[in-house]
>>> print(open('structure-v3.cif').read())   # mmCIF, C-alpha atoms and all ligand atoms
data_protein
loop_
_atom_site.label_atom_id
_atom_site.label_comp_id
_atom_site.auth_asym_id
_atom_site.auth_seq_id
_atom_site.Cartn_x
_atom_site.Cartn_y
_atom_site.Cartn_z
CA MET T 1 271.82 51.94 193.71
CA ARG T 2 272.44 54.60 191.10
CA PHE T 3 270.38 57.68 190.31
CA GLU T 4 270.39 61.29 189.27
CA PHE T 5 268.23 64.05 190.68
CA ALA T 6 267.88 67.49 189.12
CA THR T 7 265.42 70.29 189.72
CA SER T 8 264.87 74.04 189.58
CA THR T 9 267.71 76.12 191.02
CA ARG T 10 265.55 77.67 193.72
CA ILE T 11 262.04 76.91 195.04
CA LEU T 12 259.98 79.30 197.16
CA PHE T 13 256.83 77.89 198.74
CA GLY T 14 254.17 79.56 200.86
CA PRO T 15 251.14 81.84 200.98
CA GLY T 16 252.05 85.30 199.69
CA GLU T 17 255.40 84.19 198.21
CA VAL T 18 254.35 85.57 194.82
CA ARG T 19 255.41 88.94 196.20
CA ALA T 20 259.02 87.74 196.07
CA VAL T 21 258.96 87.40 192.28
CA SER T 22 259.75 91.00 191.34
CA GLN T 23 262.71 91.26 193.70
CA ALA T 24 264.16 87.99 192.44
CA ALA T 25 263.57 89.00 188.82
CA LYS T 26 265.63 92.14 189.30
CA ALA T 27 268.78 90.06 189.52
CA MET T 28 267.91 88.17 186.33
CA GLY T 29 267.04 90.70 183.65
CA ARG T 30 265.65 94.07 182.59
CA GLN T 31 262.86 93.21 180.18
CA ALA T 32 260.50 90.31 180.92
CA LEU T 33 258.24 88.31 178.66
CA LEU T 34 255.27 87.55 180.90
CA VAL T 35 253.46 84.41 179.75
CA LEU T 36 249.96 84.51 181.19
CA GLY T 37 247.54 81.62 181.56
CA ARG T 38 245.03 83.82 183.33
CA PRO T 39 243.25 87.02 182.27
CA PRO T 40 245.82 89.88 182.12
CA GLU T 41 244.02 91.80 184.89
CA SER T 42 244.79 88.99 187.36
CA ALA T 43 248.51 89.64 186.80
CA ALA T 44 248.29 93.44 186.96
CA PHE T 45 249.79 93.41 190.47
CA LEU T 46 252.78 91.48 189.17
CA VAL T 47 253.32 93.87 186.24
CA ASP T 48 253.19 96.81 188.68
CA ALA T 49 255.63 95.17 191.06
CA LEU T 50 258.05 94.41 188.22
CA LYS T 51 257.84 98.00 186.98
CA GLN T 52 258.68 99.24 190.45
CA GLU T 53 261.86 97.20 190.27
CA GLY T 54 262.66 98.80 186.91
CA ILE T 55 261.76 95.73 184.84
CA GLY T 56 259.83 96.23 181.61
CA CYS T 57 257.03 93.79 180.73
CA VAL T 58 255.62 92.37 177.52
CA SER T 59 252.63 90.05 177.96
CA LEU T 60 251.71 86.96 175.98
CA ALA T 61 248.31 85.44 176.81
CA ILE T 62 247.88 81.67 176.51
CA GLN T 63 244.33 80.48 175.78
CA ALA T 64 244.88 76.74 175.47
CA GLU T 65 247.56 74.08 175.94
CA PRO T 66 250.65 75.35 174.11
CA SER T 67 251.35 74.50 170.49
CA VAL T 68 254.47 74.56 168.37
CA SER T 69 253.17 77.63 166.53
CA LEU T 70 252.42 79.52 169.74
CA VAL T 71 255.99 78.96 170.94
CA ARG T 72 257.35 80.26 167.62
CA GLN T 73 255.15 83.32 167.97
CA GLY T 74 256.33 83.86 171.56
CA VAL T 75 259.99 83.61 170.56
CA GLN T 76 259.46 86.22 167.82
CA LEU T 77 257.71 88.56 170.22
CA ALA T 78 260.42 88.16 172.87
CA ARG T 79 263.21 88.77 170.32
CA ARG T 80 261.47 91.84 168.90
CA GLU T 81 260.98 93.27 172.39
CA GLN T 82 264.50 92.28 173.47
CA CYS T 83 263.34 90.26 176.45
CA ASP T 84 266.16 88.82 178.56
CA LEU T 85 263.93 87.09 181.11
CA VAL T 86 260.76 84.96 180.92
CA ILE T 87 258.16 84.74 183.69
CA ALA T 88 255.23 82.32 183.41
CA PHE T 89 252.14 82.96 185.55
CA GLY T 90 249.43 80.36 185.07
CA GLY T 91 248.78 76.61 184.92
CA GLY T 92 250.95 74.00 183.24
CA SER T 93 250.15 75.44 179.80
CA ALA T 94 251.62 78.85 180.55
CA ILE T 95 254.62 77.35 182.32
CA ASP T 96 255.39 74.91 179.51
CA ALA T 97 255.04 77.67 176.92
CA GLY T 98 257.32 79.99 178.92
CA LYS T 99 259.86 77.22 179.45
CA ALA T 100 260.03 76.44 175.73
CA ILE T 101 260.29 80.12 174.74
CA ALA T 102 263.07 80.72 177.30
CA ALA T 103 265.01 77.79 175.81
CA LEU T 104 264.59 78.87 172.19
CA LEU T 105 265.77 82.41 172.93
CA THR T 106 269.32 81.23 173.55
CA ASN T 107 269.46 78.31 171.11
CA GLY T 108 269.61 79.14 167.41
CA GLY T 109 267.86 77.32 164.62
CA GLU T 110 264.29 76.10 164.47
CA LEU T 111 262.09 74.67 167.22
CA SER T 112 261.75 71.51 165.12
CA ASP T 113 265.51 70.94 165.37
CA TYR T 114 265.07 70.15 169.05
CA LEU T 115 261.69 68.40 169.26
CA GLU T 116 261.49 64.69 169.92
CA VAL T 117 259.41 62.37 167.70
CA ILE T 118 258.36 64.92 165.05
CA GLY T 119 261.62 66.89 164.90
CA LYS T 120 265.34 66.19 164.71
CA GLY T 121 265.63 65.66 168.47
CA GLN T 122 268.95 67.52 168.69
CA PRO T 123 270.03 68.39 172.24
CA LEU T 124 269.81 72.04 173.29
CA GLN T 125 273.29 73.55 173.57
CA ASN T 126 272.83 76.65 175.73
CA PRO T 127 271.09 77.31 179.04
CA SER T 128 267.71 79.08 178.69
CA VAL T 129 267.37 82.77 179.47
CA PRO T 130 266.47 83.07 183.17
CA PHE T 131 263.00 81.60 183.65
CA ILE T 132 260.66 82.05 186.61
CA ALA T 133 257.64 79.73 186.95
CA VAL T 134 254.67 80.76 189.08
CA PRO T 135 251.91 78.10 189.02
CA THR T 136 248.33 79.23 189.62
CA THR T 137 246.91 75.69 189.63
CA ALA T 138 247.92 72.70 191.76
CA GLY T 139 248.53 69.80 189.43
CA THR T 140 251.26 69.72 186.82
CA GLY T 141 254.39 70.39 188.88
CA SER T 142 255.79 71.86 185.67
CA GLU T 143 257.61 74.51 187.73
CA VAL T 144 260.25 71.90 188.59
CA THR T 145 260.39 69.76 185.44
CA ARG T 146 262.82 69.88 182.54
CA ASN T 147 260.38 69.48 179.67
CA ALA T 148 257.66 71.42 177.92
CA VAL T 149 254.78 69.52 176.33
CA LEU T 150 253.76 71.08 173.01
CA ALA T 151 250.95 70.14 170.64
CA SER T 152 251.57 69.93 166.92
CA ALA T 153 248.31 70.47 165.04
CA GLU T 154 249.95 69.26 161.86
CA HIS T 155 250.99 65.89 163.33
CA ARG T 156 248.03 65.59 165.75
CA VAL T 157 250.41 64.68 168.54
CA LYS T 158 251.90 66.14 171.68
CA VAL T 159 255.66 66.11 171.96
CA SER T 160 258.24 67.31 174.44
CA LEU T 161 261.04 69.77 174.21
CA ARG T 162 263.33 68.32 176.84
CA SER T 163 266.65 69.26 178.38
CA PRO T 164 268.16 69.70 181.85
CA LEU T 165 269.10 73.18 180.58
CA MET T 166 265.39 74.06 180.67
CA LEU T 167 264.97 73.69 184.44
CA PRO T 168 263.51 76.95 185.81
CA ARG T 169 265.86 79.34 187.62
CA LEU T 170 263.15 79.99 190.19
CA ALA T 171 259.85 78.28 191.05
CA VAL T 172 257.45 80.26 193.23
CA VAL T 173 254.62 78.10 194.56
CA ASP T 174 252.05 80.29 196.29
CA PRO T 175 248.92 78.36 197.38
CA GLU T 176 246.93 81.59 197.71
CA LEU T 177 246.97 81.82 193.91
CA THR T 178 244.83 78.66 193.74
CA LEU T 179 242.07 79.84 196.10
CA ASP T 180 239.82 80.93 193.21
CA LEU T 181 240.17 77.79 191.08
CA PRO T 182 236.68 76.51 190.16
CA PRO T 183 235.78 73.00 191.41
CA ALA T 184 236.08 71.30 187.99
CA LEU T 185 239.62 72.62 187.53
CA THR T 186 240.52 71.76 191.13
CA ALA T 187 239.34 68.21 190.39
CA SER T 188 241.16 67.64 187.10
CA THR T 189 244.43 69.30 188.13
CA GLY T 190 244.31 67.64 191.56
CA LEU T 191 243.89 64.20 190.00
CA ASP T 192 246.79 64.95 187.66
CA ALA T 193 248.85 65.64 190.79
CA LEU T 194 247.69 62.34 192.28
CA THR T 195 248.61 60.50 189.05
CA GLN T 196 252.03 62.16 189.11
CA LEU T 197 252.62 60.83 192.61
CA ILE T 198 251.42 57.27 191.95
CA GLU T 199 253.11 56.71 188.57
CA PRO T 200 256.65 57.78 189.64
CA TYR T 201 256.26 55.77 192.87
CA VAL T 202 255.55 52.51 191.03
CA SER T 203 257.79 53.44 188.08
CA SER T 204 260.60 51.14 187.03
CA ARG T 205 262.89 54.19 187.43
CA ALA T 206 261.84 55.12 191.00
CA ASN T 207 264.67 56.01 193.38
CA PRO T 208 264.85 56.63 197.14
CA LEU T 209 264.69 60.42 196.75
CA THR T 210 261.60 60.39 194.54
CA ASP T 211 260.00 57.73 196.78
CA GLY T 212 260.13 60.13 199.72
CA PHE T 213 258.47 62.88 197.70
CA CYS T 214 255.75 60.54 196.44
CA LEU T 215 254.87 59.14 199.86
CA GLU T 216 254.62 62.59 201.42
CA GLY T 217 252.60 63.86 198.45
CA LEU T 218 250.17 60.92 198.61
CA ARG T 219 249.52 61.61 202.29
CA ARG T 220 248.73 65.25 201.44
CA VAL T 221 246.38 64.43 198.55
CA SER T 222 244.49 61.82 200.54
CA ARG T 223 243.73 64.42 203.21
CA SER T 224 243.04 67.46 201.08
CA LEU T 225 241.80 66.95 197.51
CA ARG T 226 238.16 66.33 198.47
CA HIS T 227 238.26 69.30 200.80
CA ALA T 228 239.83 71.63 198.23
CA TYR T 229 237.11 70.60 195.77
CA HIS T 230 234.18 71.22 198.14
CA TYR T 231 235.63 74.17 200.07
CA GLY T 232 237.82 76.02 197.58
CA ARG T 233 238.68 78.88 199.93
CA ASP T 234 240.24 76.58 202.54
CA LEU T 235 243.88 77.66 202.54
CA THR T 236 245.19 74.57 204.34
CA ALA T 237 243.63 72.24 201.76
CA ARG T 238 245.01 74.44 198.95
CA GLU T 239 248.42 74.48 200.62
CA PHE T 240 248.50 70.68 200.81
CA MET T 241 247.48 70.38 197.14
CA SER T 242 250.09 72.91 195.99
CA LEU T 243 252.70 70.96 197.91
CA ALA T 244 251.46 67.65 196.47
CA SER T 245 251.70 69.09 192.96
CA LEU T 246 255.25 70.31 193.58
CA LEU T 247 256.25 66.92 195.03
CA GLY T 248 254.74 65.16 192.00
CA GLY T 249 256.76 67.39 189.67
CA LEU T 250 259.98 66.66 191.57
CA ALA T 251 259.22 62.93 191.35
CA LEU T 252 258.13 62.63 187.73
CA ALA T 253 261.03 64.69 186.40
CA ASN T 254 263.45 62.23 187.97
CA ALA T 255 261.60 58.88 188.01
CA GLY T 256 259.34 59.01 184.94
CA LEU T 257 255.66 58.14 184.67
CA GLY T 258 253.55 55.23 183.37
CA VAL T 259 250.68 54.05 181.25
CA VAL T 260 248.22 56.82 182.20
CA HIS T 261 250.57 59.50 180.90
CA GLY T 262 251.46 57.19 178.03
CA PHE T 263 247.86 57.54 176.86
CA ALA T 264 247.56 61.21 177.83
CA ALA T 265 250.17 62.29 175.27
CA PRO T 266 248.48 60.89 172.11
CA LEU T 267 244.99 61.65 173.48
CA GLY T 268 245.91 65.28 174.04
CA GLY T 269 247.37 65.51 170.55
CA MET T 270 244.35 64.02 168.78
CA PHE T 271 241.54 65.54 170.84
CA ASP T 272 240.79 68.82 172.48
CA ALA T 273 240.84 67.36 175.97
CA PRO T 274 242.63 68.99 178.93
CA HIS T 275 245.58 67.00 180.25
CA GLY T 276 244.39 66.81 183.86
CA ALA T 277 240.92 65.60 182.88
CA VAL T 278 242.39 62.88 180.65
CA CYS T 279 244.69 61.62 183.41
CA ALA T 280 241.83 61.71 185.92
CA ALA T 281 239.60 59.58 183.70
CA LEU T 282 242.36 57.03 183.05
CA LEU T 283 243.96 56.78 186.50
CA PRO T 284 241.82 54.15 188.28
CA HIS T 285 241.78 51.93 185.18
CA GLY T 286 245.53 52.21 184.62
CA MET T 287 246.04 51.21 188.26
CA ALA T 288 243.59 48.29 188.06
CA ILE T 289 245.11 46.82 184.89
CA ASN T 290 248.67 47.25 186.19
CA ILE T 291 247.78 45.54 189.47
CA GLY T 292 246.06 42.69 187.59
CA ALA T 293 249.08 42.26 185.31
CA CYS T 294 251.45 42.25 188.30
CA ARG T 295 249.33 39.67 190.13
CA ALA T 296 249.40 37.44 187.02
CA ARG T 297 253.01 37.84 185.94
CA ALA T 298 255.01 39.32 188.83
CA PRO T 299 253.18 38.37 192.05
CA GLU T 300 256.36 38.58 194.13
CA GLY T 301 257.57 41.78 192.47
CA GLU T 302 258.23 45.16 194.01
CA ALA T 303 255.46 46.93 192.06
CA LEU T 304 252.62 45.08 193.76
CA ARG T 305 254.03 45.91 197.17
CA ARG T 306 254.21 49.55 196.14
CA TYR T 307 250.59 49.58 194.97
CA GLU T 308 249.72 48.20 198.38
CA THR T 309 251.57 51.07 200.06
CA VAL T 310 249.66 53.53 197.84
CA ALA T 311 246.36 51.91 198.89
CA ARG T 312 247.27 52.12 202.57
CA LEU T 313 248.21 55.79 202.34
CA LEU T 314 245.07 56.72 200.40
CA THR T 315 242.55 54.74 202.42
CA GLY T 316 244.24 55.13 205.81
CA LYS T 317 243.74 51.38 206.35
CA PRO T 318 246.98 49.75 207.51
CA ASP T 319 246.09 46.37 205.95
CA ALA T 320 244.53 47.60 202.67
CA LEU T 321 245.09 45.52 199.54
CA ALA T 322 246.34 47.14 196.32
CA GLU T 323 242.84 46.87 194.83
CA GLU T 324 241.37 49.00 197.61
CA GLY T 325 243.50 51.89 196.38
CA VAL T 326 241.82 51.55 192.98
CA GLU T 327 238.41 51.59 194.65
CA TRP T 328 239.35 54.74 196.60
CA VAL T 329 240.41 56.52 193.39
CA LEU T 330 237.24 55.38 191.57
CA GLN T 331 235.07 56.81 194.33
CA LEU T 332 237.07 60.03 194.33
CA CYS T 333 236.59 60.41 190.55
CA GLN T 334 232.87 59.91 191.04
CA GLU T 335 232.62 62.43 193.85
CA LEU T 336 234.67 64.98 191.89
CA GLN T 337 232.49 64.40 188.80
CA ILE T 338 235.30 63.43 186.44
CA PRO T 339 233.76 63.07 182.97
CA PRO T 340 234.52 59.92 180.93
CA LEU T 341 236.78 60.28 177.89
CA ARG T 342 233.73 59.92 175.64
CA SER T 343 232.72 63.45 176.59
CA TYR T 344 235.74 64.78 174.64
CA GLY T 345 234.65 63.01 171.48
CA ILE T 346 236.89 59.97 171.89
CA GLN T 347 235.19 56.88 170.49
CA GLU T 348 235.59 53.14 170.18
CA ARG T 349 237.00 53.49 166.68
CA ASP T 350 239.91 55.61 167.98
CA VAL T 351 241.05 52.86 170.34
CA PRO T 352 243.46 50.95 168.02
CA THR T 353 245.37 54.09 166.99
CA LEU T 354 245.60 55.32 170.58
CA VAL T 355 246.76 51.93 171.86
CA GLU T 356 249.44 51.81 169.20
CA LYS T 357 250.66 55.34 170.02
CA ALA T 358 250.53 54.75 173.77
CA SER T 359 252.63 51.59 173.45
CA ARG T 360 255.42 53.72 171.96
CA ALA T 361 255.00 56.80 174.21
CA SER T 362 257.99 57.72 176.34
CA SER T 363 255.91 57.75 179.57
CA THR T 364 254.84 54.14 179.02
CA LYS T 365 258.48 53.07 179.35
CA GLY T 366 258.31 53.91 183.06
CA ASN T 367 255.31 51.62 183.63
CA PRO T 368 256.15 48.99 186.28
CA ILE T 369 255.22 46.11 183.99
CA THR T 370 255.03 45.80 180.21
CA LEU T 371 251.36 45.66 179.28
CA THR T 372 250.07 43.63 176.34
CA ALA T 373 248.07 45.32 173.57
CA ASP T 374 244.93 43.77 175.05
CA GLU T 375 245.68 45.20 178.47
CA LEU T 376 246.38 48.66 177.01
CA ARG T 377 243.07 48.46 175.11
CA GLU T 378 241.31 47.54 178.35
CA VAL T 379 242.71 50.61 180.20
CA LEU T 380 241.40 52.93 177.49
CA THR T 381 238.07 51.19 176.91
CA ARG T 382 237.20 51.30 180.61
CA ALA T 383 237.92 55.05 180.67
CA LEU T 384 235.65 55.78 177.68
ZN ZN T 401 250.20 64.88 184.17
#
>>> encode(input="structure-v3.cif", output="structure tokens")
Amino acid sequence: MRFEFATSTRILFGPGEVRAVSQAAKAMGRQALLVLGRPPESAAFLVDALKQEGIGCVSLAIQAEPSVSLVRQGVQLARREQCDLVIAFGGGSAIDAGKAIAALLTNGGELSDYLEVIGKGQPLQNPSVPFIAVPTTAGTGSEVTRNAVLASAEHRVKVSLRSPLMLPRLAVVDPELTLDLPPALTASTGLDALTQLIEPYVSSRANPLTDGFCLEGLRRVSRSLRHAYHYGRDLTAREFMSLASLLGGLALANAGLGVVHGFAAPLGGMFDAPHGAVCAALLPHGMAINIGACRARAPEGEALRRYETVARLLTGKPDALAEEGVEWVLQLCQELQIPPLRSYGIQERDVPTLVEKASRASSTKGNPITLTADELREVLTRAL
């Protein structure tokens, strides 16, 4: 047994914990770049609290999933305003943008020097400026991961800026911040969280630490995602989902992902489709094809046993077969009204390009079994 586990320096979890941000920030800097994924008025309380601690604030609003050009713009703004601290308040988009900006502020050169796939892929040399991540959705777990996913319009692809030096200094997970999430966003982000618990659990890089996080997270999702969707103001359901999202982040950052995220990267680069919604549409089909491939080529393997455990946790049936987990997820997607990929403009003719890109995506390397091109095509076609 051999593994590494790395995460954010400090994690605060609980209703109302957002109030701890300003105090913690005081020890980290004097002028904050506040990256906002929500309307500025929703963060007014945070700006006030920071001011009371003597910390200046410059805001950068994020409208969509972050792009290479937005990060460049953020770095310029932060340099001009002499920011020595970055705080992200929003969903995965705001957190990834903040994480990338915090990294670029201490590392010279161009963003492209450090990007994988479309850039030079050089390693970052210096730790980021202190970075605080405050998620307002329950899905990405980005507050504890070491990468930022950025879209390049020019290359029509999503790529990662990745380094252990990018791990946030502080992650503040406050479930109360998710109470107002509309049902559609609760559904797509919640299914992203579920995907990020299943894929690391069956991943070829899973380890005993990440297994524990995944199993606990799966129990929480199975009991709370439906409830959070139908009764958004239920704090216990929101608390369970925030925890599940955090656990998924801890797991994926250390055990990798699989074929669903392997498709999500090129899909998100080529189409204007939100990450969570893409993962949600693909999840049951990725599971079904993986289970079929394992039954055919590795019937005695560990992965099949793990899919069985997933099915038992999700359905609550102690003797459930792996396939019953797929059925449970399919029904959940139906109940939560997850739209098919077609609704984002993805068509049959895009399949070959996407299959080719997914086969080379870094997430696909964590998939428990190597899928053939036909199997990859089947995952995508079923999700259309
Ligand atoms: Zn995801």
>>> residues_around(input="structure-v3.cif", residues="segment 202-218 of chain T", least_positions_apart="5", cutoff="9 Å", atoms="all atoms listed in the file", output="count of residues only")
40
>>> atom_distance(input="structure-v3.cif", atom1="atom CA of Ala264 of chain T", atom2="atom CA of Val157 of chain T")
10.3 Å
>>> atom_distance(input="structure-v3.cif", atom1="atom CA of Val129 of chain T", atom2="atom CA of Ile95 of chain T")
14.1 Å
>>> atom_distance(input="structure-v3.cif", atom1="atom CA of Asp84 of chain T", atom2="atom CA of Pro164 of chain T")
19.5 Å
>>> residues_near_ligand(input="structure-v3.cif", ligand="ligand ZN 401 (chain T)", cutoff="10 Å", atoms="only C-alpha atoms and all ligand atoms", output="ChimeraX atom specification")
/T:92,139-142,188-197,199,245,248-249,252,257,260-262,264-265,275-280
>>> closest_atom_pairs(input="structure-v3.cif", of="segment 214-284 of chain T", to="segment 55-67 of chain T", cutoff="10 Å", atoms="all atoms listed in the file", output="CSV")
residue,atom,partner,partner_atom,distance
T:Gly268,CA,T:Glu65,CA,9.2
T:Gly269,CA,T:Ser67,CA,9.8
T:Asp272,CA,T:Glu65,CA,9.2
T:Ala273,CA,T:Glu65,CA,9.5
T:Pro274,CA,T:Glu65,CA,7.7
T:His275,CA,T:Glu65,CA,8.5
>>> closest_residue(input="structure-v3.cif", among="T:Val259, T:Val134, T:Leu330, T:Ala102", to="Ala358 of chain T", atoms="all atoms listed in the file")
T:Val259
>>> closest_residue(input="structure-v3.cif", among="T:Ile338, T:Ala133, T:Arg72, T:Phe89", to="Ser112 of chain T", atoms="only C-alpha atoms")
T:Arg72
>>> closest_residue(input="structure-v3.cif", among="T:Leu354, T:Ala322, T:Gly90, T:Pro123", to="Pro40 of chain T", atoms="all atoms listed in the file")
T:Gly90
>>> residues_around(input="structure-v3.cif", residues="Leu384 of chain T", least_positions_apart="5", cutoff="7 Å", atoms="only C-alpha atoms", output="list of chain:residue names")
T:Pro340, T:Leu341, T:Arg342
>>> closest_residue(input="structure-v3.cif", among="T:Gly325, T:Pro135, T:Leu336, T:Ala293", to="Ala228 of chain T", atoms="all atoms listed in the file")
T:Leu336
>>> decode(input="structure-v3.cif", residues="segment 58-121 of chain T", atoms="C-alpha atoms", output="PDB file, in the first residue's frame")
ATOM      1  CA  VAL T  58     -11.818  44.699  -4.616  1.00  0.00           C
ATOM      2  CA  SER T  59     -14.575  42.630  -6.229  1.00  0.00           C
ATOM      3  CA  LEU T  60     -14.457  40.585  -9.412  1.00  0.00           C
ATOM      4  CA  ALA T  61     -17.805  39.147 -10.549  1.00  0.00           C
ATOM      5  CA  ILE T  62     -17.818  35.811 -12.379  1.00  0.00           C
ATOM      6  CA  GLN T  63     -20.730  35.266 -14.769  1.00  0.00           C
ATOM      7  CA  ALA T  64     -19.833  31.878 -16.236  1.00  0.00           C
ATOM      8  CA  GLU T  65     -17.346  29.030 -15.825  1.00  0.00           C
ATOM      9  CA  PRO T  66     -13.891  30.647 -15.751  1.00  0.00           C
ATOM     10  CA  SER T  67     -11.834  31.159 -18.874  1.00  0.00           C
ATOM     11  CA  VAL T  68      -8.155  31.758 -19.483  1.00  0.00           C
ATOM     12  CA  SER T  69      -8.889  35.387 -20.382  1.00  0.00           C
ATOM     13  CA  LEU T  70     -10.919  35.985 -17.225  1.00  0.00           C
ATOM     14  CA  VAL T  71      -8.037  34.743 -15.084  1.00  0.00           C
ATOM     15  CA  ARG T  72      -5.619  37.075 -16.906  1.00  0.00           C
ATOM     16  CA  GLN T  73      -8.008  39.945 -16.277  1.00  0.00           C
ATOM     17  CA  GLY T  74      -8.304  39.006 -12.593  1.00  0.00           C
ATOM     18  CA  VAL T  75      -4.534  38.864 -12.166  1.00  0.00           C
ATOM     19  CA  GLN T  76      -4.179  42.339 -13.714  1.00  0.00           C
ATOM     20  CA  LEU T  77      -6.871  43.746 -11.445  1.00  0.00           C
ATOM     21  CA  ALA T  78      -5.333  42.168  -8.336  1.00  0.00           C
ATOM     22  CA  ARG T  79      -1.842  43.463  -9.231  1.00  0.00           C
ATOM     23  CA  ARG T  80      -3.136  46.970  -9.927  1.00  0.00           C
ATOM     24  CA  GLU T  81      -5.001  47.030  -6.621  1.00  0.00           C
ATOM     25  CA  GLN T  82      -2.080  45.431  -4.759  1.00  0.00           C
ATOM     26  CA  CYS T  83      -4.132  42.540  -3.419  1.00  0.00           C
ATOM     27  CA  ASP T  84      -2.213  40.194  -1.122  1.00  0.00           C
ATOM     28  CA  LEU T  85      -5.106  37.815  -0.445  1.00  0.00           C
ATOM     29  CA  VAL T  86      -7.809  36.173  -2.582  1.00  0.00           C
ATOM     30  CA  ILE T  87     -11.230  35.144  -1.288  1.00  0.00           C
ATOM     31  CA  ALA T  88     -13.661  33.242  -3.537  1.00  0.00           C
ATOM     32  CA  PHE T  89     -17.361  33.279  -2.634  1.00  0.00           C
ATOM     33  CA  GLY T  90     -19.498  31.273  -5.031  1.00  0.00           C
ATOM     34  CA  GLY T  91     -19.769  27.915  -6.807  1.00  0.00           C
ATOM     35  CA  GLY T  92     -16.951  25.961  -8.406  1.00  0.00           C
ATOM     36  CA  SER T  93     -16.505  28.635 -11.081  1.00  0.00           C
ATOM     37  CA  ALA T  94     -15.670  31.394  -8.609  1.00  0.00           C
ATOM     38  CA  ILE T  95     -13.457  29.101  -6.549  1.00  0.00           C
ATOM     39  CA  ASP T  96     -11.510  27.837  -9.558  1.00  0.00           C
ATOM     40  CA  ALA T  97     -11.063  31.392 -10.855  1.00  0.00           C
ATOM     41  CA  GLY T  98      -9.871  32.599  -7.437  1.00  0.00           C
ATOM     42  CA  LYS T  99      -7.527  29.641  -7.080  1.00  0.00           C
ATOM     43  CA  ALA T 100      -5.917  30.302 -10.459  1.00  0.00           C
ATOM     44  CA  ILE T 101      -5.568  34.050  -9.821  1.00  0.00           C
ATOM     45  CA  ALA T 102      -4.012  33.425  -6.380  1.00  0.00           C
ATOM     46  CA  ALA T 103      -1.445  31.124  -8.026  1.00  0.00           C
ATOM     47  CA  LEU T 104      -0.546  33.504 -10.847  1.00  0.00           C
ATOM     48  CA  LEU T 105       0.006  36.404  -8.448  1.00  0.00           C
ATOM     49  CA  THR T 106       3.144  34.796  -7.035  1.00  0.00           C
ATOM     50  CA  ASN T 107       4.395  33.005 -10.143  1.00  0.00           C
ATOM     51  CA  GLY T 108       5.865  35.145 -12.917  1.00  0.00           C
ATOM     52  CA  GLY T 109       5.423  34.644 -16.624  1.00  0.00           C
ATOM     53  CA  GLU T 110       2.270  33.859 -18.545  1.00  0.00           C
ATOM     54  CA  LEU T 111      -0.688  31.682 -17.564  1.00  0.00           C
ATOM     55  CA  SER T 112       0.012  29.576 -20.666  1.00  0.00           C
ATOM     56  CA  ASP T 113       3.435  28.649 -19.259  1.00  0.00           C
ATOM     57  CA  TYR T 114       1.705  26.579 -16.595  1.00  0.00           C
ATOM     58  CA  LEU T 115      -1.374  25.155 -18.344  1.00  0.00           C
ATOM     59  CA  GLU T 116      -1.537  21.500 -19.248  1.00  0.00           C
ATOM     60  CA  VAL T 117      -2.458  20.349 -22.777  1.00  0.00           C
ATOM     61  CA  ILE T 118      -2.619  23.781 -24.462  1.00  0.00           C
ATOM     62  CA  GLY T 119       0.315  25.401 -22.633  1.00  0.00           C
ATOM     63  CA  LYS T 120       3.873  24.528 -21.668  1.00  0.00           C
ATOM     64  CA  GLY T 121       2.760  22.607 -18.568  1.00  0.00           C
TER      65      GLY T 121
END
